[in-house]
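Listing of target_20.tsv; format and content: TSV, C-alpha atoms.
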chain	number	residue	atom	x	y	z
A	17	MET	CA	21.82	72.04	-18.89
A	18	ARG	CA	21.54	74.23	-21.92
A	19	LEU	CA	22.77	77.75	-21.46
A	20	TRP	CA	22.92	80.43	-24.08
A	21	LEU	CA	25.09	82.91	-22.33
A	22	MET	CA	26.79	85.32	-24.59
A	23	VAL	CA	30.25	86.73	-24.39
A	24	GLY	CA	30.72	89.83	-26.46
A	25	MET	CA	34.04	91.15	-27.58
A	26	LEU	CA	34.31	94.53	-29.15
A	27	SER	CA	36.41	93.90	-32.18
A	28	VAL	CA	37.29	97.36	-33.40
A	29	PRO	CA	37.82	97.63	-37.12
A	30	ALA	CA	39.32	100.96	-38.13
A	31	ALA	CA	36.17	101.94	-40.02
A	32	VAL	CA	33.79	101.45	-37.12
A	33	GLY	CA	33.48	103.33	-33.86
A	34	HIS	CA	36.42	104.49	-31.82
A	35	ALA	CA	39.59	102.46	-31.89
A	36	VAL	CA	40.51	100.62	-28.71
A	37	SER	CA	44.17	100.44	-27.87
A	38	ALA	CA	45.71	97.15	-28.83
A	39	LYS	CA	47.04	97.00	-25.27
A	40	ALA	CA	43.65	97.74	-23.65
A	41	ASP	CA	42.34	95.17	-21.23
A	42	PRO	CA	39.01	93.62	-22.13
A	43	ILE	CA	35.96	95.22	-20.51
A	44	LEU	CA	33.37	92.63	-19.60
A	45	GLY	CA	29.61	93.05	-19.43
A	46	VAL	CA	26.35	91.19	-19.86
A	47	ALA	CA	23.73	90.78	-22.59
A	48	VAL	CA	20.18	89.50	-22.22
A	49	LYS	CA	17.52	88.92	-24.86
A	50	HIS	CA	13.97	89.83	-23.94
A	51	GLY	CA	11.78	88.88	-26.92
A	52	SER	CA	12.79	91.08	-29.82
A	53	ARG	CA	14.87	93.36	-27.59
A	54	ILE	CA	18.47	92.60	-26.68
A	55	CYS	CA	19.93	94.52	-23.78
A	56	LEU	CA	23.67	94.89	-23.47
A	57	TYR	CA	25.01	95.91	-20.05
A	58	LEU	CA	28.46	97.46	-19.90
A	59	PRO	CA	30.39	99.28	-17.21
A	60	ALA	CA	30.96	103.00	-17.71
A	61	PRO	CA	32.27	104.76	-19.73
A	62	ALA	CA	29.88	104.15	-22.61
A	63	PRO	CA	31.35	102.87	-25.86
A	64	PRO	CA	30.35	104.61	-29.10
A	65	GLN	CA	27.34	103.55	-31.11
A	66	ARG	CA	27.87	100.99	-33.87
A	67	THR	CA	30.81	99.48	-32.07
A	68	LYS	CA	30.97	95.94	-33.31
A	69	VAL	CA	30.63	93.16	-30.76
A	70	THR	CA	31.76	89.59	-31.04
A	71	LEU	CA	29.42	87.28	-29.18
A	72	VAL	CA	30.06	83.82	-27.85
A	73	THR	CA	27.11	81.61	-27.05
A	74	MET	CA	27.73	79.61	-23.91
A	75	ASP	CA	25.70	76.66	-25.05
A	76	THR	CA	27.45	73.33	-25.47
A	77	PRO	CA	29.40	73.74	-27.67
A	78	GLN	CA	29.99	77.47	-27.40
A	79	THR	CA	29.76	79.39	-30.66
A	80	LEU	CA	30.53	82.90	-31.91
A	81	ALA	CA	28.03	85.49	-33.10
A	82	TYR	CA	28.37	89.14	-34.06
A	83	ALA	CA	26.48	92.32	-33.22
A	84	GLU	CA	26.86	96.06	-32.82
A	85	ILE	CA	25.77	98.57	-30.23
A	86	SER	CA	22.86	100.59	-31.60
A	87	ARG	CA	22.14	103.08	-28.80
A	88	LYS	CA	22.01	103.68	-25.08
A	89	ALA	CA	18.89	102.08	-23.62
A	90	THR	CA	16.94	103.38	-20.65
A	91	ASP	CA	14.32	100.63	-20.75
A	92	CYS	CA	16.55	97.66	-19.98
A	93	PRO	CA	15.52	95.87	-16.76
A	94	ASP	CA	17.91	96.53	-13.90
A	95	THR	CA	18.68	92.89	-13.13
A	96	ILE	CA	22.46	92.83	-13.33
A	97	THR	CA	24.88	92.90	-10.41
A	98	PRO	CA	27.13	94.86	-10.39
A	99	HIS	CA	25.02	97.64	-11.83
A	100	MET	CA	25.90	98.57	-15.41
A	101	VAL	CA	24.66	100.90	-18.14
A	102	GLY	CA	22.13	99.48	-20.63
A	103	PHE	CA	22.47	99.56	-24.40
A	104	ALA	CA	20.40	98.22	-27.25
A	105	LEU	CA	22.27	95.59	-29.22
A	106	LYS	CA	21.66	94.77	-32.85
A	107	PHE	CA	22.68	91.35	-34.08
A	108	LEU	CA	24.60	91.11	-37.32
A	109	SER	CA	24.84	87.34	-37.37
A	110	GLY	CA	23.99	84.55	-34.99
A	111	GLU	CA	21.44	84.85	-32.21
A	112	LEU	CA	20.75	84.48	-28.51
A	113	ALA	CA	17.98	82.37	-27.01
A	114	ASP	CA	15.07	84.19	-25.37
A	115	ASN	CA	15.57	85.20	-21.73
A	116	ALA	CA	19.11	83.90	-21.67
A	117	ALA	CA	21.60	85.93	-19.69
A	118	ALA	CA	24.79	87.08	-21.36
A	119	VAL	CA	28.31	88.44	-20.92
A	120	THR	CA	30.20	91.00	-23.00
A	121	ILE	CA	33.81	92.07	-23.42
A	122	ILE	CA	35.54	95.09	-24.88
A	123	SER	CA	38.87	94.01	-26.32
A	124	PRO	CA	40.94	94.40	-29.44
A	125	ALA	CA	41.71	90.69	-29.29
A	126	GLN	CA	39.57	88.16	-31.10
A	127	ALA	CA	37.86	85.30	-29.32
A	128	LYS	CA	38.08	81.92	-30.97
A	129	ILE	CA	36.43	78.58	-30.44
A	130	ASP	CA	38.78	75.86	-29.25
A	131	ASP	CA	37.34	72.41	-28.70
A	132	GLY	CA	33.85	73.76	-28.10
A	133	HIS	CA	34.88	76.58	-25.76
A	134	ALA	CA	35.38	80.27	-26.41
A	135	VAL	CA	38.92	81.40	-25.67
A	136	LEU	CA	39.98	85.04	-25.46
A	137	PRO	CA	43.70	85.77	-25.64
A	138	TRP	CA	44.32	88.10	-22.68
A	139	ASN	CA	47.65	87.55	-20.96
A	140	GLY	CA	47.04	83.89	-21.62
A	141	ALA	CA	43.88	82.00	-22.44
A	142	VAL	CA	40.70	83.35	-20.82
A	143	THR	CA	37.63	81.11	-20.80
A	144	PHE	CA	34.04	81.69	-19.75
A	145	ARG	CA	31.60	79.87	-17.52
A	146	SER	CA	27.99	80.12	-16.48
A	147	CYS	CA	26.10	78.49	-13.66
A	148	ILE	CA	22.73	78.69	-11.96
A	149	SER	CA	21.91	79.68	-8.38
A	150	ALA	CA	18.60	80.02	-6.55
A	151	ASP	CA	17.17	82.93	-8.52
A	152	GLY	CA	19.65	83.78	-11.24
A	153	VAL	CA	22.60	83.02	-13.45
A	154	HIS	CA	26.25	83.71	-12.74
A	155	LEU	CA	28.66	84.53	-15.53
A	156	SER	CA	32.39	84.46	-15.02
A	157	ALA	CA	35.71	84.73	-16.85
A	158	TRP	CA	38.69	82.63	-15.84
A	159	ARG	CA	42.38	82.38	-16.49
A	160	GLY	CA	43.10	78.88	-15.34
A	161	SER	CA	41.72	78.55	-11.81
A	162	LYS	CA	41.69	82.31	-11.21
A	163	ARG	CA	38.36	84.08	-11.55
A	164	LEU	CA	38.98	87.39	-13.33
A	165	TRP	CA	35.44	88.70	-13.57
A	166	HIS	CA	31.95	87.89	-12.37
A	167	ALA	CA	28.41	89.15	-12.93
A	168	TYR	CA	24.95	88.02	-11.86
A	169	ASP	CA	21.64	88.26	-13.67
A	170	TYR	CA	18.52	88.03	-11.53
A	171	ILE	CA	16.08	85.80	-13.40
A	172	GLY	CA	13.34	85.98	-10.79
A	173	GLN	CA	12.39	82.31	-10.98
A	174	ASP	CA	13.17	79.35	-8.76
A	175	LEU	CA	15.97	77.52	-10.53
A	176	GLU	CA	17.84	74.23	-10.20
A	177	ALA	CA	21.11	75.52	-8.78
A	178	ASP	CA	24.43	74.07	-9.92
A	179	CYS	CA	27.00	76.74	-9.03
A	180	THR	CA	30.16	76.08	-7.05
A	181	ASP	CA	31.11	78.60	-4.38
A	182	ALA	CA	33.98	79.79	-6.55
A	183	GLU	CA	31.63	80.53	-9.42
A	184	SER	CA	28.91	82.29	-7.44
A	185	LYS	CA	30.69	84.16	-4.66
A	186	PRO	CA	30.13	87.93	-4.83
B	10	MET	CA	-12.64	68.32	-15.11
B	11	SER	CA	-9.03	68.78	-16.10
B	12	LYS	CA	-7.94	71.42	-18.55
B	13	PRO	CA	-5.36	70.78	-21.26
B	14	ALA	CA	-1.84	72.13	-20.95
B	15	GLY	CA	-1.18	75.41	-22.71
B	16	LYS	CA	-0.26	79.03	-22.16
B	17	ASP	CA	-3.62	79.82	-20.54
B	18	TRP	CA	-2.16	78.27	-17.39
B	19	VAL	CA	0.66	80.75	-17.14
B	20	GLY	CA	-1.37	83.57	-15.62
B	21	ARG	CA	-2.56	81.38	-12.76
B	22	PHE	CA	-0.77	81.10	-9.42
B	23	PRO	CA	1.26	84.31	-9.81
B	24	THR	CA	4.35	85.18	-7.79
B	25	SER	CA	3.57	87.54	-4.93
B	26	LYS	CA	5.46	90.69	-4.04
B	27	SER	CA	3.57	91.10	-0.78
B	28	VAL	CA	5.26	90.54	2.56
B	29	SER	CA	1.85	89.52	3.88
B	30	ASP	CA	2.06	86.35	1.79
B	31	LEU	CA	5.16	85.14	3.65
B	32	LYS	CA	4.58	82.33	6.11
B	33	GLY	CA	4.94	81.91	9.83
B	34	SER	CA	7.23	84.05	11.94
B	35	PHE	CA	9.30	84.99	8.89
B	36	GLN	CA	6.58	87.39	7.83
B	37	GLY	CA	6.91	89.34	11.06
B	38	SER	CA	10.70	89.26	10.88
B	39	VAL	CA	10.70	90.68	7.38
B	40	LYS	CA	8.17	93.36	8.26
B	41	LYS	CA	10.29	94.53	11.18
B	42	PHE	CA	13.51	94.46	9.15
B	43	ILE	CA	11.98	96.43	6.28
B	44	ALA	CA	10.40	98.89	8.70
B	45	ALA	CA	13.81	99.50	10.26
B	46	LEU	CA	15.41	99.94	6.85
B	47	THR	CA	12.75	102.37	5.71
B	48	LYS	CA	12.91	104.34	8.95
B	49	ALA	CA	16.67	104.63	8.46
B	50	GLY	CA	16.21	106.07	4.97
B	51	ALA	CA	17.10	103.02	2.89
B	52	THR	CA	15.07	102.12	-0.18
B	53	VAL	CA	13.62	98.64	-0.40
B	54	ALA	CA	12.24	97.26	-3.68
B	55	ILE	CA	10.61	93.84	-3.42
B	56	SER	CA	10.81	91.58	-6.48
B	57	ALA	CA	9.30	88.39	-5.08
B	58	THR	CA	8.06	86.84	-1.87
B	59	TYR	CA	5.81	83.80	-2.06
B	60	ARG	CA	5.90	81.70	-5.19
B	61	PRO	CA	3.03	79.21	-5.10
B	62	PRO	CA	4.10	75.54	-5.33
B	63	GLU	CA	1.48	75.18	-8.06
B	64	ARG	CA	3.42	77.68	-10.16
B	65	ALA	CA	6.68	75.83	-9.55
B	66	TYR	CA	4.97	72.57	-10.54
B	67	LEU	CA	3.67	74.04	-13.79
B	68	MET	CA	6.99	75.63	-14.67
B	69	HIS	CA	9.07	72.59	-13.73
B	70	TRP	CA	7.05	70.04	-15.63
B	71	SER	CA	6.28	72.15	-18.68
B	72	TYR	CA	10.05	72.64	-19.05
B	73	LYS	CA	10.66	68.91	-18.63
B	74	ILE	CA	8.02	67.97	-21.21
B	75	ALA	CA	9.32	70.61	-23.62
B	76	LYS	CA	12.71	68.91	-23.32
B	77	GLY	CA	11.35	65.41	-23.96
B	78	GLN	CA	9.78	64.14	-20.73
B	79	ASP	CA	6.85	61.77	-21.33
B	80	PRO	CA	3.80	63.84	-20.27
B	81	ALA	CA	1.95	60.68	-19.23
B	82	LYS	CA	4.52	60.12	-16.48
B	83	VAL	CA	4.24	63.55	-14.90
B	84	PRO	CA	2.87	63.26	-11.36
B	85	SER	CA	-0.35	65.06	-10.59
B	86	MET	CA	-0.62	67.87	-8.07
B	87	SER	CA	-3.60	68.60	-5.89
B	88	GLY	CA	-5.26	71.83	-6.92
B	89	VAL	CA	-3.77	71.85	-10.40
B	90	ASP	CA	-6.22	70.13	-12.71
B	91	ILE	CA	-3.98	70.24	-15.77
B	92	ASP	CA	-3.93	67.49	-18.36
B	93	TRP	CA	-0.39	67.27	-19.66
B	94	VAL	CA	-1.40	64.68	-22.27
B	95	LEU	CA	-3.24	66.33	-25.13
B	96	LYS	CA	-5.48	64.19	-27.30
B	97	ASP	CA	-5.99	64.06	-31.04
B	98	LYS	CA	-9.40	64.10	-32.73
B	99	ALA	CA	-9.76	60.38	-32.15
B	100	GLY	CA	-9.18	60.89	-28.46
B	101	LYS	CA	-5.76	59.28	-28.46
B	102	PRO	CA	-2.66	60.78	-26.83
B	103	ASP	CA	-0.94	63.25	-29.14
B	104	ALA	CA	2.72	63.44	-28.17
B	105	ALA	CA	3.55	66.25	-30.59
B	106	ALA	CA	0.65	68.40	-29.44
B	107	SER	CA	1.52	67.75	-25.80
B	108	LYS	CA	5.10	68.83	-26.34
B	109	LYS	CA	4.01	71.90	-28.30
B	110	ALA	CA	1.65	72.94	-25.51
B	111	ALA	CA	4.46	72.59	-22.98
B	112	GLN	CA	6.79	74.62	-25.18
B	113	GLU	CA	4.18	77.37	-25.37
B	114	MET	CA	4.03	77.43	-21.59
B	115	VAL	CA	7.82	77.61	-21.35
B	116	ALA	CA	7.86	80.54	-23.75
B	117	ALA	CA	5.02	82.31	-21.94
B	118	TYR	CA	6.73	81.88	-18.58
B	119	GLY	CA	9.98	83.16	-20.07
B	120	ILE	CA	11.95	80.12	-18.96
B	121	ALA	CA	15.55	79.84	-20.11
B	122	TYR	CA	16.94	77.69	-17.28
B	123	ALA	CA	15.63	74.58	-15.56
B	124	PRO	CA	13.00	75.56	-12.95
B	125	ALA	CA	13.18	74.09	-9.46
B	126	LEU	CA	10.20	72.26	-8.01
B	127	LYS	CA	10.74	73.45	-4.43
B	128	SER	CA	12.44	76.42	-2.87
B	129	ARG	CA	12.30	78.71	0.11
B	130	HIS	CA	10.03	80.91	-2.00
B	131	THR	CA	7.50	78.10	-2.46
B	132	GLU	CA	7.58	77.63	1.31
B	133	GLY	CA	6.89	81.32	1.86
B	134	SER	CA	10.17	81.69	3.68
B	135	ALA	CA	12.19	83.84	1.26
B	136	ILE	CA	12.08	87.34	-0.13
B	137	ASP	CA	13.92	88.93	-3.05
B	138	MET	CA	14.49	92.61	-2.37
B	139	THR	CA	16.89	95.27	-3.55
B	140	ILE	CA	18.13	97.51	-0.74
B	141	ALA	CA	20.08	100.73	-1.21
B	142	TRP	CA	21.10	103.81	0.76
B	143	SER	CA	23.59	106.62	0.68
B	144	GLY	CA	26.03	107.79	3.33
B	145	THR	CA	25.90	106.18	6.75
B	146	LEU	CA	22.92	103.95	7.49
B	147	THR	CA	21.86	104.34	11.09
B	148	ILE	CA	19.34	101.61	11.63
B	149	ASP	CA	17.59	100.18	14.64
B	150	GLY	CA	18.50	96.66	15.63
B	151	PRO	CA	15.81	94.23	16.77
B	152	ASP	CA	16.60	95.28	20.35
B	153	GLY	CA	15.85	98.90	19.46
B	154	LYS	CA	19.46	99.99	19.74
B	155	PRO	CA	20.73	101.86	16.66
B	156	VAL	CA	23.54	100.47	14.55
B	157	SER	CA	25.60	102.68	12.24
B	158	ILE	CA	26.73	101.08	9.01
B	159	THR	CA	29.50	103.01	7.31
B	160	SER	CA	30.94	100.21	5.20
B	161	SER	CA	30.42	99.46	1.52
B	162	PRO	CA	28.69	98.44	-0.62
B	163	ARG	CA	25.62	100.44	0.30
B	164	ASP	CA	23.23	97.71	-0.70
B	165	GLY	CA	22.12	94.22	0.28
B	166	GLY	CA	25.63	92.93	-0.30
B	167	ASN	CA	26.87	94.80	2.77
B	168	LYS	CA	28.20	92.36	5.34
B	169	ASP	CA	27.24	94.55	8.30
B	170	LEU	CA	23.67	94.82	7.02
B	171	GLN	CA	23.56	91.08	6.48
B	172	ASP	CA	24.66	90.53	10.06
B	173	LEU	CA	21.93	92.88	11.23
B	174	GLY	CA	19.36	91.13	9.03
B	175	ALA	CA	20.30	87.81	10.61
B	176	ARG	CA	19.54	89.29	14.03
B	177	TYR	CA	16.05	90.02	12.72
B	178	GLY	CA	15.77	86.44	11.43
B	179	VAL	CA	16.22	87.51	7.81
B	180	VAL	CA	19.28	85.71	6.51
B	181	LYS	CA	21.17	86.53	3.33
B	182	LEU	CA	21.81	83.93	0.65
B	183	LYS	CA	25.33	84.76	-0.49
B	184	SER	CA	24.96	83.57	-4.07
B	185	ASP	CA	21.92	85.68	-5.00
B	186	PRO	CA	22.09	89.43	-4.36
B	187	PRO	CA	18.35	90.05	-3.77
B	188	HIS	CA	17.59	86.82	-1.89
B	189	TRP	CA	17.00	86.68	1.90
B	190	SER	CA	15.34	83.83	3.77
B	191	THR	CA	14.83	82.11	7.08
B	192	ASP	CA	18.12	80.25	6.88
B	193	GLY	CA	20.19	81.69	4.03
B	194	HIS	CA	19.00	79.12	1.47
Can I see the file as structure tokens?
Amino acid sequence: MRLWLMVGMLSVPAAVGHAVSAKADPILGVAVKHGSRICLYLPAPAPPQRTKVTLVTMDTPQTLAYAEISRKATDCPDTITPHMVGFALKFLSGELADNAAAVTIISPAQAKIDDGHAVLPWNGAVTFRSCISADGVHLSAWRGSKRLWHAYDYIGQDLEADCTDAESKP
Amino acid sequence: MSKPAGKDWVGRFPTSKSVSDLKGSFQGSVKKFIAALTKAGATVAISATYRPPERAYLMHWSYKIAKGQDPAKVPSMSGVDIDWVLKDKAGKPDAAASKKAAQEMVAAYGIAYAPALKSRHTEGSAIDMTIAWSGTLTIDGPDGKPVSITSSPRDGGNKDLQDLGARYGVVKLKSDPPHWSTDGH
């Protein structure tokens, strides 16, 4: 199953946006492309505009892309659980497939691709998964067998589910 | 006479948001549950109820063909007079045109993930709804006795509300926040 889930990591060059402490934990969110519009969903508080985002496509193999936050968005569909704040996202390089759900991270650490999978150094290697349930897509971050983070995007279509309980539990 | 595959099909057989399109006793169960929620001051926003099987058929097979399925081997469905195999000017099957037509349907539907052919929604036995409230929710049970829900979260993910919904015959599917059905699937 092809998935184009995105994992965004706010790499924070000194010249752009507000610096994030090198010791700060990553903040995870979700991104979804609707036609020409890309919505980025992040938990509060809001990051500054033009913060650069590193994106990881969750296709097989996963790849990296780059973007920046352009503004707060009030017109992003409220499909994400848990509820988050919407932002418009401008791609700098790479892309996301239409209607694909996404994940985002705020972290000073850089994600890398290792053997086809995105790996974020965060107290060890953190990897990312996606799976499908009845009406939506589940995104999750894992350190080994421990789920660190989870979000759900309601697609609103009947889908061929493939999630495990561990991946899809609230 | 059959009509060729293409994005003109996408507007047909739309998903319903009406509780009245749910089937059997589930319709009554949902109406009572929503009435109790509304009376208690909760907000209920319905995203989907009945999804016609014809729509699921069109979405499922257009996705398959777009990914390489031979359109000539797609089973027919009563009531959907679509011709998945497009013809060239000589009247011969045109594989490229057939695949392109399916891809246009996939794009028009907004499909990013493999669509299922059957579901509780296509049976009319599921509803996607977003429920929210503030403070304590004092809601009537199906027996008319009020139940006070003080726990969190104050939405459809609340275990106490899910237990109450089950008493109405509206059962929560754990994996999908808005999804309730006859049996939790």
I want to know what sits within 10 Å of Ile120 (chain B), based on only C-alpha atoms, with residues of the same chain fewer than 2 positions away left out; could you give that as a CSV table (one decimal) with C-alpha atoms, in the coordinates of the input?
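Generated file (selection.csv):
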chain,number,residue,atom,x,y,z
A,114,ASP,CA,15.1,84.2,-25.4
A,115,ASN,CA,15.6,85.2,-21.7
A,116,ALA,CA,19.1,83.9,-21.7
A,171,ILE,CA,16.1,85.8,-13.4
A,173,GLN,CA,12.4,82.3,-11.0
A,175,LEU,CA,16.0,77.5,-10.5
B,68,MET,CA,7.0,75.6,-14.7
B,69,HIS,CA,9.1,72.6,-13.7
B,71,SER,CA,6.3,72.2,-18.7
B,72,TYR,CA,10.0,72.6,-19.0
B,112,GLN,CA,6.8,74.6,-25.2
B,114,MET,CA,4.0,77.4,-21.6
B,115,VAL,CA,7.8,77.6,-21.4
B,116,ALA,CA,7.9,80.5,-23.8
B,117,ALA,CA,5.0,82.3,-21.9
B,118,TYR,CA,6.7,81.9,-18.6
B,122,TYR,CA,16.9,77.7,-17.3
B,123,ALA,CA,15.6,74.6,-15.6
B,124,PRO,CA,13.0,75.6,-13.0
*Provide the CA of Cys92 (chain A) to CA of Cys55 (chain A) distance in Å, to one decimal place.*
6.0 Å
*In Å to one decimal, how far is CA of His99 (chain A) from CA of Arg163 (chain B)?*
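Calculated distance between CA of Arg163 (chain B) and CA of His99 (chain A) is 12.5 Å.
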*Once you count only C-alpha atoms, which residues of chain A turn out to be within 10 Å of chain B? Could you give them as an MDAnalysis selection string?*
chainID A and resid 17:20 50:51 95:98 113:117 147:154 168:177 179:181 183:186
Only C-alpha atoms, please: the residues just picked out, written as a compact mmCIF listing (two decimals), keeping the file's coordinate frame.
# COMPACT_ATOMS: atom_id res chain seq x y z
CA MET A 17 21.82 72.04 -18.89
CA ARG A 18 21.54 74.23 -21.92
CA LEU A 19 22.77 77.75 -21.46
CA TRP A 20 22.92 80.43 -24.08
CA HIS A 50 13.97 89.83 -23.94
CA GLY A 51 11.78 88.88 -26.92
CA THR A 95 18.68 92.89 -13.13
CA ILE A 96 22.46 92.83 -13.33
CA THR A 97 24.88 92.90 -10.41
CA PRO A 98 27.13 94.86 -10.39
CA ALA A 113 17.98 82.37 -27.01
CA ASP A 114 15.07 84.19 -25.37
CA ASN A 115 15.57 85.20 -21.73
CA ALA A 116 19.11 83.90 -21.67
CA ALA A 117 21.60 85.93 -19.69
CA CYS A 147 26.10 78.49 -13.66
CA ILE A 148 22.73 78.69 -11.96
CA SER A 149 21.91 79.68 -8.38
CA ALA A 150 18.60 80.02 -6.55
CA ASP A 151 17.17 82.93 -8.52
CA GLY A 152 19.65 83.78 -11.24
CA VAL A 153 22.60 83.02 -13.45
CA HIS A 154 26.25 83.71 -12.74
CA TYR A 168 24.95 88.02 -11.86
CA ASP A 169 21.64 88.26 -13.67
CA TYR A 170 18.52 88.03 -11.53
CA ILE A 171 16.08 85.80 -13.40
CA GLY A 172 13.34 85.98 -10.79
CA GLN A 173 12.39 82.31 -10.98
CA ASP A 174 13.17 79.35 -8.76
CA LEU A 175 15.97 77.52 -10.53
CA GLU A 176 17.84 74.23 -10.20
CA ALA A 177 21.11 75.52 -8.78
CA CYS A 179 27.00 76.74 -9.03
CA THR A 180 30.16 76.08 -7.05
CA ASP A 181 31.11 78.60 -4.38
CA GLU A 183 31.63 80.53 -9.42
CA SER A 184 28.91 82.29 -7.44
CA LYS A 185 30.69 84.16 -4.66
CA PRO A 186 30.13 87.93 -4.83
What's the 12 Å shell around Leu173 (chain B), counting only C-alpha atoms, without same-chain residues fewer than 2 positions away, as a PDB file with C-alpha atoms, keeping the file's coordinate frame?
ATOM      1  CA  SER B  38      10.700  89.260  10.880  1.00  0.00           C
ATOM      2  CA  LYS B  41      10.290  94.530  11.180  1.00  0.00           C
ATOM      3  CA  PHE B  42      13.510  94.460   9.150  1.00  0.00           C
ATOM      4  CA  ILE B  43      11.980  96.430   6.280  1.00  0.00           C
ATOM      5  CA  ALA B  45      13.810  99.500  10.260  1.00  0.00           C
ATOM      6  CA  LEU B  46      15.410  99.940   6.850  1.00  0.00           C
ATOM      7  CA  LEU B 146      22.920 103.950   7.490  1.00  0.00           C
ATOM      8  CA  THR B 147      21.860 104.340  11.090  1.00  0.00           C
ATOM      9  CA  ILE B 148      19.340 101.610  11.630  1.00  0.00           C
ATOM     10  CA  ASP B 149      17.590 100.180  14.640  1.00  0.00           C
ATOM     11  CA  GLY B 150      18.500  96.660  15.630  1.00  0.00           C
ATOM     12  CA  PRO B 151      15.810  94.230  16.770  1.00  0.00           C
ATOM     13  CA  ASP B 152      16.600  95.280  20.350  1.00  0.00           C
ATOM     14  CA  GLY B 153      15.850  98.900  19.460  1.00  0.00           C
ATOM     15  CA  LYS B 154      19.460  99.990  19.740  1.00  0.00           C
ATOM     16  CA  PRO B 155      20.730 101.860  16.660  1.00  0.00           C
ATOM     17  CA  VAL B 156      23.540 100.470  14.550  1.00  0.00           C
ATOM     18  CA  SER B 157      25.600 102.680  12.240  1.00  0.00           C
ATOM     19  CA  ILE B 158      26.730 101.080   9.010  1.00  0.00           C
ATOM     20  CA  GLY B 165      22.120  94.220   0.280  1.00  0.00           C
ATOM     21  CA  ASN B 167      26.870  94.800   2.770  1.00  0.00           C
ATOM     22  CA  LYS B 168      28.200  92.360   5.340  1.00  0.00           C
ATOM     23  CA  ASP B 169      27.240  94.550   8.300  1.00  0.00           C
ATOM     24  CA  LEU B 170      23.670  94.820   7.020  1.00  0.00           C
ATOM     25  CA  GLN B 171      23.560  91.080   6.480  1.00  0.00           C
ATOM     26  CA  ALA B 175      20.300  87.810  10.610  1.00  0.00           C
ATOM     27  CA  ARG B 176      19.540  89.290  14.030  1.00  0.00           C
ATOM     28  CA  TYR B 177      16.050  90.020  12.720  1.00  0.00           C
ATOM     29  CA  GLY B 178      15.770  86.440  11.430  1.00  0.00           C
ATOM     30  CA  VAL B 179      16.220  87.510   7.810  1.00  0.00           C
ATOM     31  CA  VAL B 180      19.280  85.710   6.510  1.00  0.00           C
ATOM     32  CA  LYS B 181      21.170  86.530   3.330  1.00  0.00           C
TER      33      LYS B 181
END
*Within 9 Å of (43.9, 90.0, -26.2), in the coordinates the file gives, what residues turn up when you count only C-alpha atoms, written out as a VMD selection string?*
chain A and resid 38 to 42 123 to 127 136 to 141
*Point-to-point distance in Å for CA of Ala141 (chain B) and CA of Thr52 (chain B)*: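 For CA of Thr52 (chain B) relative to CA of Ala141 (chain B), the distance reads 5.3 Å.
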*Please provide the set of residues having any atom within 12 Å of Ser11 (chain B), restricted to only C-alpha atoms, with same-chain residues fewer than 2 positions apart removed, written as a PyMOL selection string.*
chain B and resi 13-14+18+85-95
*asked:* Measuring between all atoms listed in the file, which one of B:Ile140, B:Ala81, B:Met10, B:Ala135 shows the shortest distance to Ser25 (chain B)?
replied: B:Ala135
*Which polymer residues, protein or nucleic acid, are no farther than 6 Å from (29.1, 89.6, -33.0), counting all atoms listed in the file, as a VMD selection string?*
chain A and resid 69 to 71 81 to 83
